[in-house]
Amino acid sequence: MDDDFVAPDHTIVDGLLVRPWRRGDGPALAATTNASHAHLAPWMSWSTGDDTPARSEARAQSFAGRYLAREDFVLSIWDGDELVGGSGFHPRWGGIETRVAEIGMWISADRAGRGVGTTVLRGVVAWGLSDAWPWDRLMWLCDAENIASARVAQKAGFTLEGSLRGPGPSGDGVGRDATLVFGLNRGDPHSSGRPGATGTDADGADRDGDSP
Ligand SMILES: CC(C)(COP(=O)(O)OP(=O)(O)OC[C@H]1O[C@@H](n2cnc3c(N)ncnc32)[C@H](O)[C@@H]1OP(=O)(O)O)[C@@H](O)C(=O)NCCC(=O)NCCS
């Protein structure tokens, strides 16, 4: 891993801003995840439904710090001023030196089931495999019963590589009797993240630009 790697500060996917969390994001994070609790809780153990703005602000600032420290790259997804979800590149498979990242994602209850997850995941995959990031391999793990998650991974070009008879390594799953393991390597047929059009600028062309 290059010592001078600096994680990019945003990309745009089909008009949605994908960027690291910042100071001040706490109230939106609390409001959106609380409103989406019933939708998120079966799959995301961090969804409690009663997060306070202050507690979520602490999380947002922790995410921001870890992003700058190149420890974990947690991302937020915005439609204008509206928080519509989260994603991230998590170096859970040996650190960034391995050039392997696990992608995570959630979409708010209001927006889920309308193609947003597919569009954003395709854009994030394309961004992750661009020159902006060090990744050669991306992974996606989900509960075997999480139909939407497995489907969105397949639609973004991931290959189902196997399953685990228990939870994955992230520790953020709930009740995982079985975990599906998907992978996408640089050079795979869909490694551009484009089984379909995304409208993303995720080729990294403006990765040095300031976030709007
Ligand atoms: C998983 C998630 C990110 C997918 O995003 P999304 O915007 O809802 O997905 P899309 O609308 O792009 O749909 C993708 C596919 O999943 C299917 N799908 C979506 N919601 C579904 C549901 N509740 N049940 C079954 N299939 C569903 C869609 O039909 C589509 O497949 P198709 O094209 O074959 O019809 C989102 O639903 C979510 O946030 N879920 C809760 C958190 C979570 O599980 N995150 C992933 C953890 S591994």
# chains A, B, ... in the order shown; residues from 1 in each chain; ligands from 1
$ select_by_dssp --residues "segment 18-189 of chain A" --states "helix (DSSP H, G or I)" --output "ChimeraX atom specification"
/A:26-35,37-40,53-68,96-98,116-128,147-155
$ write_last_selection --atoms "C-alpha atoms" --output "compact mmCIF listing (two decimals), in the first residue's frame"
# COMPACT_ATOMS: atom_id res chain seq x y z
CA GLY A 26 -25.57 13.19 13.46
CA PRO A 27 -29.14 14.56 13.42
CA ALA A 28 -29.77 13.28 9.88
CA LEU A 29 -28.23 9.92 10.72
CA ALA A 30 -30.44 9.54 13.79
CA ALA A 31 -33.62 10.66 12.04
CA THR A 32 -33.15 8.46 8.99
CA THR A 33 -32.06 5.30 10.76
CA ASN A 34 -34.76 5.65 13.43
CA ALA A 35 -37.42 6.10 10.74
CA HIS A 37 -35.63 0.87 12.00
CA ALA A 38 -38.17 -1.81 11.03
CA HIS A 39 -36.55 -2.08 7.59
CA LEU A 40 -32.96 -2.19 8.88
CA PRO A 53 -28.80 13.09 17.55
CA ALA A 54 -25.92 13.32 20.00
CA ARG A 55 -25.15 9.59 19.91
CA SER A 56 -25.36 9.58 16.11
CA GLU A 57 -23.16 12.67 15.95
CA ALA A 58 -20.51 10.79 17.91
CA ARG A 59 -20.77 7.92 15.43
CA ALA A 60 -20.53 10.27 12.44
CA GLN A 61 -17.44 11.92 13.89
CA SER A 62 -15.91 8.53 14.65
CA PHE A 63 -16.53 7.45 11.05
CA ALA A 64 -14.95 10.71 9.83
CA GLY A 65 -11.87 10.18 11.95
CA ARG A 66 -11.40 6.59 10.90
CA TYR A 67 -11.80 7.60 7.24
CA LEU A 68 -9.01 10.16 7.51
CA ILE A 96 -5.95 -2.12 3.08
CA GLU A 97 -2.56 -3.70 2.31
CA THR A 98 -4.43 -6.75 1.00
CA VAL A 116 -31.56 2.99 -5.62
CA GLY A 117 -29.50 0.23 -4.00
CA THR A 118 -28.69 -1.34 -7.37
CA THR A 119 -27.72 1.98 -8.91
CA VAL A 120 -25.57 3.07 -5.98
CA LEU A 121 -23.87 -0.29 -5.56
CA ARG A 122 -22.93 -0.35 -9.24
CA GLY A 123 -21.51 3.14 -8.88
CA VAL A 124 -19.63 2.31 -5.68
CA VAL A 125 -18.15 -0.81 -7.31
CA ALA A 126 -16.97 1.20 -10.31
CA TRP A 127 -15.52 3.84 -7.99
CA GLY A 128 -13.86 1.22 -5.79
CA ILE A 147 -33.12 -11.72 -0.51
CA ALA A 148 -32.81 -8.03 -1.45
CA SER A 149 -29.16 -7.92 -0.42
CA ALA A 150 -28.21 -11.04 -2.38
CA ARG A 151 -30.09 -9.78 -5.40
CA VAL A 152 -28.55 -6.31 -5.36
CA ALA A 153 -25.07 -7.88 -5.19
CA GLN A 154 -25.78 -10.08 -8.20
CA LYS A 155 -27.20 -7.13 -10.13
$ residues_around --residues "Gly162 of chain A" --least-positions-apart "3" --cutoff "12 Å" --atoms "only C-alpha atoms" --output "list in words"
Met139, Trp140, Leu141, Cys142, Ala144, Phe158, Thr159, Arg165, Gly168, Ala178, Thr179, Leu180, Val181, Phe182 and Gly183 of chain A
$ write_last_selection --atoms "C-alpha atoms" --output "short mmCIF file (atom, residue, chain, number, x, y, z; two decimals), in the first residue's frame"
data_model
loop_
_atom_site.label_atom_id
_atom_site.label_comp_id
_atom_site.auth_asym_id
_atom_site.auth_seq_id
_atom_site.Cartn_x
_atom_site.Cartn_y
_atom_site.Cartn_z
CA MET A 139 -16.62 -8.51 -1.30
CA TRP A 140 -20.24 -8.48 -0.20
CA LEU A 141 -21.56 -10.61 2.64
CA CYS A 142 -25.18 -11.03 3.61
CA ALA A 144 -28.66 -16.04 3.42
CA PHE A 158 -20.79 -9.89 -7.82
CA THR A 159 -20.34 -13.66 -8.05
CA ARG A 165 -22.54 -21.89 8.23
CA GLY A 168 -19.34 -13.41 8.82
CA ALA A 178 -25.83 -18.77 7.24
CA THR A 179 -23.91 -16.07 5.37
CA LEU A 180 -23.57 -15.73 1.62
CA VAL A 181 -20.15 -14.61 0.38
CA PHE A 182 -19.98 -12.68 -2.87
CA GLY A 183 -16.83 -11.44 -4.59
#
$ closest_residue --among "A:Glu82, A:Asp4, A:Asp143, A:Asp51" --to "ligand 1" --atoms "only C-alpha atoms and all ligand atoms"
A:Asp143
$ atom_distance --atom1 "atom CA of Ser163 of chain A" --atom2 "atom CA of Pro134 of chain A"
26.0 Å
$ atom_distance --atom1 "atom 45 (N, counted along the ligand's line) of ligand 1" --atom2 "atom CA of Asp136 of chain A"
22.5 Å
$ atom_distance --atom1 "atom CA of Leu164 of chain A" --atom2 "atom 6 (P, counted along the ligand's line) of ligand 1"
23.5 Å
$ select_by_dssp --residues "segment 12-53 of chain A" --states "strand (DSSP E or B)" --output "PyMOL selection string"
chain A and resi 12-13+16-20
$ residues_around --residues "Leu16 of chain A" --least-positions-apart "5" --cutoff "8 Å" --atoms "only C-alpha atoms" --output "list in words"
Ile77, Trp78, Asp79 and Gly80 of chain A
$ write_last_selection --atoms "C-alpha atoms" --output "CSV table (one decimal), in the first residue's frame"
chain,number,residue,atom,x,y,z
A,77,ILE,CA,-25.5,8.7,0.5
A,78,TRP,CA,-27.4,12.0,-0.1
A,79,ASP,CA,-30.1,13.3,-2.4
A,80,GLY,CA,-29.6,17.0,-1.9
$ closest_residue --among "A:Ala156, A:Ala112, A:Ile103, A:Val6" --to "ligand 1" --atoms "only C-alpha atoms and all ligand atoms"
A:Ala112
$ closest_residue --among "A:His10, A:Arg114, A:Arg70, A:Arg23" --to "ligand 1" --atoms "only C-alpha atoms and all ligand atoms"
A:Arg114
$ closest_residue --among "A:Thr52, A:Ser130, A:Ser76, A:Asn146" --to "ligand 1" --atoms "only C-alpha atoms and all ligand atoms"
A:Asn146
$ closest_residue --among "A:Glu145, A:Asp50, A:Glu71, A:Glu161" --to "ligand 1" --atoms "only C-alpha atoms and all ligand atoms"
A:Glu145
$ closest_residue --among "A:Val13, A:Val84, A:Ile107, A:Leu160" --to "Met44 of chain A" --atoms "only C-alpha atoms"
A:Ile107
$ residues_around --residues "Arg92 of chain A" --least-positions-apart "6" --cutoff "8 Å" --atoms "only C-alpha atoms" --output "mmCIF file with N, CA and C atoms, in the first residue's frame"
data_model
loop_
_atom_site.group_PDB
_atom_site.id
_atom_site.type_symbol
_atom_site.label_atom_id
_atom_site.label_comp_id
_atom_site.auth_asym_id
_atom_site.auth_seq_id
_atom_site.Cartn_x
_atom_site.Cartn_y
_atom_site.Cartn_z
ATOM 1 N N VAL A 100 -8.178 -5.683 -0.485
ATOM 2 C CA VAL A 100 -9.503 -6.299 -0.454
ATOM 3 C C VAL A 100 -10.398 -5.483 0.469
ATOM 4 N N ALA A 101 -11.568 -5.118 0.000
ATOM 5 C CA ALA A 101 -12.531 -4.388 0.837
ATOM 6 C C ALA A 101 -13.889 -5.056 0.743
ATOM 7 N N GLU A 102 -14.575 -5.067 1.862
ATOM 8 C CA GLU A 102 -15.965 -5.530 1.884
ATOM 9 C C GLU A 102 -16.862 -4.305 1.799
ATOM 10 N N PRO A 169 -17.356 -12.141 9.415
ATOM 11 C CA PRO A 169 -16.402 -11.552 10.356
ATOM 12 C C PRO A 169 -16.753 -10.143 10.814
ATOM 13 N N SER A 170 -17.775 -9.525 10.226
ATOM 14 C CA SER A 170 -18.006 -8.100 10.506
ATOM 15 C C SER A 170 -18.578 -7.855 11.887
#
$ decode --residues "segment 66-207 of chain A" --atoms "C-alpha atoms" --output "mmCIF file, in the first residue's frame"
data_model
loop_
_atom_site.group_PDB
_atom_site.id
_atom_site.type_symbol
_atom_site.label_atom_id
_atom_site.label_comp_id
_atom_site.auth_asym_id
_atom_site.auth_seq_id
_atom_site.Cartn_x
_atom_site.Cartn_y
_atom_site.Cartn_z
ATOM 1 C CA ARG A 66 -11.397 6.589 10.902
ATOM 2 C CA TYR A 67 -11.798 7.595 7.241
ATOM 3 C CA LEU A 68 -9.012 10.160 7.507
ATOM 4 C CA ALA A 69 -6.850 7.649 9.383
ATOM 5 C CA ARG A 70 -7.387 5.112 6.562
ATOM 6 C CA GLU A 71 -8.790 2.585 9.008
ATOM 7 C CA ASP A 72 -12.314 2.183 7.634
ATOM 8 C CA PHE A 73 -14.121 4.009 4.856
ATOM 9 C CA VAL A 74 -17.747 4.492 5.896
ATOM 10 C CA LEU A 75 -19.828 6.503 3.447
ATOM 11 C CA SER A 76 -23.130 8.360 3.458
ATOM 12 C CA ILE A 77 -25.507 8.737 0.489
ATOM 13 C CA TRP A 78 -27.382 12.000 -0.071
ATOM 14 C CA ASP A 79 -30.067 13.264 -2.414
ATOM 15 C CA GLY A 80 -29.567 16.974 -1.935
ATOM 16 C CA ASP A 81 -29.965 17.545 1.808
ATOM 17 C CA GLU A 82 -31.767 14.249 2.342
ATOM 18 C CA LEU A 83 -29.814 11.320 3.731
ATOM 19 C CA VAL A 84 -30.940 8.263 1.769
ATOM 20 C CA GLY A 85 -28.490 5.609 2.950
ATOM 21 C CA GLY A 86 -25.014 4.522 3.820
ATOM 22 C CA SER A 87 -22.281 2.419 2.304
ATOM 23 C CA GLY A 88 -18.584 1.903 2.764
ATOM 24 C CA PHE A 89 -15.394 0.084 1.941
ATOM 25 C CA HIS A 90 -14.444 -1.974 4.984
ATOM 26 C CA PRO A 91 -10.913 -3.442 5.003
ATOM 27 C CA ARG A 92 -11.978 -6.415 7.105
ATOM 28 C CA TRP A 93 -9.980 -8.966 5.201
ATOM 29 C CA GLY A 94 -6.456 -8.195 6.348
ATOM 30 C CA GLY A 95 -6.398 -4.408 6.064
ATOM 31 C CA ILE A 96 -5.952 -2.119 3.082
ATOM 32 C CA GLU A 97 -2.558 -3.697 2.309
ATOM 33 C CA THR A 98 -4.427 -6.748 1.000
ATOM 34 C CA ARG A 99 -6.317 -4.487 -1.450
ATOM 35 C CA VAL A 100 -9.503 -6.299 -0.454
ATOM 36 C CA ALA A 101 -12.531 -4.388 0.837
ATOM 37 C CA GLU A 102 -15.965 -5.530 1.884
ATOM 38 C CA ILE A 103 -18.744 -3.231 0.748
ATOM 39 C CA GLY A 104 -21.701 -2.609 3.009
ATOM 40 C CA MET A 105 -24.893 -0.731 2.222
ATOM 41 C CA TRP A 106 -28.250 0.317 3.590
ATOM 42 C CA ILE A 107 -30.938 2.370 1.905
ATOM 43 C CA SER A 108 -33.586 4.269 3.879
ATOM 44 C CA ALA A 109 -37.001 2.646 4.134
ATOM 45 C CA ASP A 110 -38.534 5.464 2.069
ATOM 46 C CA ARG A 111 -36.185 4.812 -0.846
ATOM 47 C CA ALA A 112 -35.658 1.040 -0.670
ATOM 48 C CA GLY A 113 -37.103 -1.273 -3.283
ATOM 49 C CA ARG A 114 -37.008 1.364 -6.017
ATOM 50 C CA GLY A 115 -33.681 0.595 -7.666
ATOM 51 C CA VAL A 116 -31.564 2.989 -5.616
ATOM 52 C CA GLY A 117 -29.496 0.230 -4.002
ATOM 53 C CA THR A 118 -28.692 -1.345 -7.370
ATOM 54 C CA THR A 119 -27.718 1.981 -8.906
ATOM 55 C CA VAL A 120 -25.567 3.067 -5.977
ATOM 56 C CA LEU A 121 -23.866 -0.291 -5.557
ATOM 57 C CA ARG A 122 -22.930 -0.350 -9.240
ATOM 58 C CA GLY A 123 -21.509 3.138 -8.879
ATOM 59 C CA VAL A 124 -19.627 2.305 -5.683
ATOM 60 C CA VAL A 125 -18.151 -0.811 -7.308
ATOM 61 C CA ALA A 126 -16.969 1.198 -10.309
ATOM 62 C CA TRP A 127 -15.518 3.842 -7.988
ATOM 63 C CA GLY A 128 -13.862 1.217 -5.794
ATOM 64 C CA LEU A 129 -12.089 -0.343 -8.749
ATOM 65 C CA SER A 130 -11.046 2.994 -10.235
ATOM 66 C CA ASP A 131 -7.657 4.589 -9.641
ATOM 67 C CA ALA A 132 -9.178 6.481 -6.720
ATOM 68 C CA TRP A 133 -8.975 3.411 -4.486
ATOM 69 C CA PRO A 134 -6.442 0.613 -3.933
ATOM 70 C CA TRP A 135 -8.932 -2.260 -4.153
ATOM 71 C CA ASP A 136 -8.309 -5.227 -6.429
ATOM 72 C CA ARG A 137 -11.082 -7.275 -4.908
ATOM 73 C CA LEU A 138 -14.457 -6.326 -3.472
ATOM 74 C CA MET A 139 -16.625 -8.512 -1.304
ATOM 75 C CA TRP A 140 -20.244 -8.480 -0.197
ATOM 76 C CA LEU A 141 -21.557 -10.611 2.643
ATOM 77 C CA CYS A 142 -25.178 -11.033 3.605
ATOM 78 C CA ASP A 143 -27.503 -13.170 5.615
ATOM 79 C CA ALA A 144 -28.664 -16.039 3.420
ATOM 80 C CA GLU A 145 -32.244 -14.950 4.106
ATOM 81 C CA ASN A 146 -31.655 -11.374 2.970
ATOM 82 C CA ILE A 147 -33.116 -11.716 -0.514
ATOM 83 C CA ALA A 148 -32.814 -8.028 -1.451
ATOM 84 C CA SER A 149 -29.159 -7.924 -0.423
ATOM 85 C CA ALA A 150 -28.211 -11.039 -2.379
ATOM 86 C CA ARG A 151 -30.093 -9.778 -5.400
ATOM 87 C CA VAL A 152 -28.548 -6.306 -5.364
ATOM 88 C CA ALA A 153 -25.073 -7.883 -5.191
ATOM 89 C CA GLN A 154 -25.783 -10.077 -8.195
ATOM 90 C CA LYS A 155 -27.205 -7.128 -10.128
ATOM 91 C CA ALA A 156 -24.005 -5.171 -9.413
ATOM 92 C CA GLY A 157 -21.861 -7.933 -10.893
ATOM 93 C CA PHE A 158 -20.791 -9.894 -7.818
ATOM 94 C CA THR A 159 -20.337 -13.660 -8.054
ATOM 95 C CA LEU A 160 -21.648 -15.928 -5.307
ATOM 96 C CA GLU A 161 -18.466 -17.677 -4.174
ATOM 97 C CA GLY A 162 -19.741 -19.656 -1.238
ATOM 98 C CA SER A 163 -21.539 -19.663 2.050
ATOM 99 C CA LEU A 164 -20.628 -19.810 5.702
ATOM 100 C CA ARG A 165 -22.538 -21.893 8.227
ATOM 101 C CA GLY A 166 -22.701 -18.958 10.617
ATOM 102 C CA PRO A 167 -21.983 -15.239 10.810
ATOM 103 C CA GLY A 168 -19.342 -13.412 8.822
ATOM 104 C CA PRO A 169 -16.402 -11.552 10.356
ATOM 105 C CA SER A 170 -18.006 -8.100 10.506
ATOM 106 C CA GLY A 171 -19.947 -8.604 13.694
ATOM 107 C CA ASP A 172 -22.796 -6.464 12.376
ATOM 108 C CA GLY A 173 -25.093 -9.259 11.320
ATOM 109 C CA VAL A 174 -28.139 -10.390 13.205
ATOM 110 C CA GLY A 175 -29.098 -14.034 13.627
ATOM 111 C CA ARG A 176 -26.854 -15.247 10.918
ATOM 112 C CA ASP A 177 -27.394 -18.965 10.678
ATOM 113 C CA ALA A 178 -25.834 -18.766 7.244
ATOM 114 C CA THR A 179 -23.909 -16.066 5.370
ATOM 115 C CA LEU A 180 -23.569 -15.726 1.619
ATOM 116 C CA VAL A 181 -20.149 -14.605 0.385
ATOM 117 C CA PHE A 182 -19.985 -12.682 -2.874
ATOM 118 C CA GLY A 183 -16.826 -11.445 -4.588
ATOM 119 C CA LEU A 184 -15.884 -9.276 -7.512
ATOM 120 C CA ASN A 185 -12.291 -9.113 -8.715
ATOM 121 C CA ARG A 186 -10.692 -6.447 -10.829
ATOM 122 C CA GLY A 187 -10.918 -7.798 -14.371
ATOM 123 C CA ASP A 188 -14.163 -9.684 -13.864
ATOM 124 C CA PRO A 189 -16.653 -9.123 -16.690
ATOM 125 C CA HIS A 190 -18.706 -6.673 -14.627
ATOM 126 C CA SER A 191 -15.857 -5.128 -12.663
ATOM 127 C CA SER A 192 -16.711 -1.743 -14.137
ATOM 128 C CA GLY A 193 -19.824 -2.068 -12.002
ATOM 129 C CA ARG A 194 -21.842 -1.632 -15.138
ATOM 130 C CA PRO A 195 -24.070 -4.543 -16.001
ATOM 131 C CA GLY A 196 -26.364 -1.593 -16.707
ATOM 132 C CA ALA A 197 -25.939 2.152 -16.992
ATOM 133 C CA THR A 198 -25.377 4.006 -13.731
ATOM 134 C CA GLY A 199 -24.886 7.632 -14.636
ATOM 135 C CA THR A 200 -21.960 7.721 -12.230
ATOM 136 C CA ASP A 201 -18.812 9.769 -12.417
ATOM 137 C CA ALA A 202 -17.190 6.951 -10.519
ATOM 138 C CA ASP A 203 -14.285 6.642 -12.899
ATOM 139 C CA GLY A 204 -12.568 8.894 -10.381
ATOM 140 C CA ALA A 205 -12.426 11.779 -12.828
ATOM 141 C CA ASP A 206 -13.384 14.347 -10.209
ATOM 142 C CA ARG A 207 -12.165 12.511 -7.164
#
